[in-house]
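As structure tokens, the structure follows; a few thoughts come after it.
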Amino acid sequence: MTLATFFATYVKFFFILTPFFITSVFIALTEDEPKTVRHQLAGRITLSVAIISLVLLWAGKTIFDTLSITVDAFRIGAGALLFRSALSLVEGTIQVPNAKGKLIDLAVVPLSIPMTLGPGSVGALVLMSSETESLATKGLTSLAILLSIFTLGILLYLSAHLVQWVGRNGISMLSKITGLVLSALSSQMIFTGVAHFLK
């Protein structure tokens with residue numbers, strides 16, 4: 001894996017995580033919470049997303065083999081789900097989960113799954129697993145993914161400052177831009193899958 005491919009994987013997965021969408025949800029949930037709670041919740045989300053992502057990346061090929069699913073079929077399905085996520089970002093439909101108990105209990109479900117790692121991003125991880133055969137390439141892909149998740153964690157950790165810097169409208173605009181980029185990525189996945197299938 002070249003440095004350019006490593007960076008491309010990092011940027012691609014960062015946008016797949018829909019960082020500004022989850023940051024908007026995080027801000028709405030924690031705006032009345034003390035700094036320690038916000039930081040603790042950000043840390044738990046980052047850790048849980050990292051663990052789940054690595055499990056999916058390293059076990060993805062086994063999933064393909066077990067279910068007898070072709071890579072192209074999965075590429076089309078994952079692309080369709082990602083495109084649906086992109087539409088919700090562009091339309092600005094944000095649903096904030098209801099915290100009936102402790103806020104920290106929402107770290108894994110629903111903030112990590114399915115809000116950060118939704119069906120589309122899970123599909124993308126499994127697809128990456130099938131496309132990386134050597135251990136070295138998979139290791140570098142894992143590192144790129146972890147850097148993406150760490151960057152998301154920094155956004156969540158500094159969410160209160162982010163509101164001061166760019167404002168809520170600014171975050172909403174960044175979320176819509178993320179949706180546009182994500183729609184292009186998902187469309188490319190679908191086109192590639194269809195092209196390979198037709199060949």
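Numbering starts fresh at 1 for the residues of each chain in the structure tokens, the chains themselves are lettered A, B, ... in the order given, and ligands are numbered from 1 as they appear.
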Subject >> Contacts of A:Thr141 at 12 Å (only C-alpha atoms; same-chain gap of 5+ positions) as a VMD selection string >> reply: chain A and resid 1 to 3 5 to 13 53 to 54 57 to 58 125 128 to 136 146 to 148
Keeping only C-alpha atoms, write the selected residues as a compact mmCIF listing (two decimals), in the first residue's frame.
```txt
# COMPACT_ATOMS: atom_id res chain seq x y z
CA MET A 1 0.00 0.00 0.00
CA THR A 2 1.42 3.36 -1.06
CA LEU A 3 1.21 6.54 1.02
CA THR A 5 -3.56 4.81 -1.02
CA PHE A 6 -3.18 4.94 2.77
CA PHE A 7 -4.30 8.58 2.85
CA ALA A 8 -7.18 7.87 0.46
CA THR A 9 -8.39 5.04 2.74
CA TYR A 10 -8.16 7.36 5.74
CA VAL A 11 -10.19 10.13 4.08
CA LYS A 12 -12.71 7.70 2.57
CA PHE A 13 -13.50 5.98 5.86
CA SER A 53 -14.54 -1.71 12.96
CA LEU A 54 -11.44 -3.87 13.43
CA LEU A 57 -12.38 -5.63 8.87
CA TRP A 58 -10.54 -8.78 9.93
CA LEU A 125 -15.75 -2.40 6.20
CA MET A 128 -12.51 -3.51 2.51
CA SER A 129 -11.81 -6.84 4.18
CA SER A 130 -12.40 -8.71 0.93
CA GLU A 131 -10.21 -6.30 -1.04
CA THR A 132 -7.16 -6.54 1.26
CA GLU A 133 -5.55 -9.95 0.98
CA SER A 134 -2.04 -9.63 2.45
CA LEU A 135 -1.50 -9.15 6.18
CA ALA A 136 0.65 -6.07 5.55
CA LEU A 146 -8.06 3.76 13.36
CA LEU A 147 -6.73 7.20 12.40
CA SER A 148 -10.13 8.05 10.91
```
**OP:** Enumerate as a PyMOL selection string all residues of stretch 37-128 of chain A assigned to helix (DSSP H, G or I) by DSSP on the backbone, naming them with the chain letters and numbers the document uses.
**Re:** chain A and resi 37-67+71-91+103-116+119-128
Original post:
Which of these, A:Asp105, A:Thr66, A:Ser112, A:Asp72, has the shortest distance to A:Leu47 once you count only C-alpha atoms?
Top reply: A:Ser112
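Proximity to A:Glu33 at 10 Å, evaluated using only C-alpha atoms and with sequence-adjacent residues fewer than 5 positions away removed, yields Ile27, Arg38 and Leu103 of chain A.
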Give me, as CSV, each residue of stretch 38-126 of chain A that comes within 10 Å of stretch 176-184 of chain A, together with its shortest interatomic pair and the distance in Å at one decimal, counting only C-alpha atoms, with rows ordered by chain and rising residue number.
```
residue,atom,partner,partner_atom,distance
A:Gly79,CA,A:Ser183,CA,8.7
A:Ala80,CA,A:Ser183,CA,9.4
A:Leu82,CA,A:Leu182,CA,7.0
A:Phe83,CA,A:Ser183,CA,5.1
A:Arg84,CA,A:Ser183,CA,8.3
A:Ser85,CA,A:Gly179,CA,7.5
A:Ala86,CA,A:Gly179,CA,4.3
A:Leu87,CA,A:Gly179,CA,6.6
A:Ser88,CA,A:Gly179,CA,7.7
A:Leu89,CA,A:Gly179,CA,5.0
A:Val90,CA,A:Lys176,CA,4.5
A:Glu91,CA,A:Lys176,CA,7.6
A:Gly92,CA,A:Lys176,CA,7.1
```
**OP:** Skip A:Leu41 itself and residues of its chain fewer than 6 positions away, then list as number ranges by chain all residues within 9 Å of it, counting only C-alpha atoms.
**Re:** A: 103-107, 156-157
**OP:** Please identify all polymer residues within 8 Å of stretch 115-119 of chain A, counting only C-alpha atoms, omitting same-chain residues fewer than 3 positions from it, and present them as a ChimeraX atom specification.
**Re:** /A:17-19,22,49,78,81-82,110-112,122-123
Please produce, as a tab-separated table, a per-residue contact table for stretch 24-73 of chain A versus stretch 193-197 of chain A (criterion: any atom at most 12 Å away, only C-alpha atoms considered), showing the nearest atom pair and its distance in Å to one decimal, sorted by chain then residue number.
```
residue	atom	partner	partner_atom	distance
A:Thr70	CA	A:Phe197	CA	9.5
A:Val71	CA	A:Gly193	CA	7.9
A:Asp72	CA	A:Gly193	CA	4.4
A:Ala73	CA	A:Gly193	CA	6.7
```
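Using only C-alpha atoms, the shortest contact distance between A:Phe14 and any of A:Leu162, A:Gly43, A:Ser68, A:Ile149 is found at A:Ile149.
Distance-wise, atom CA of A:Asp32 and atom CA of A:Pro114 end up 23.6 Å apart.
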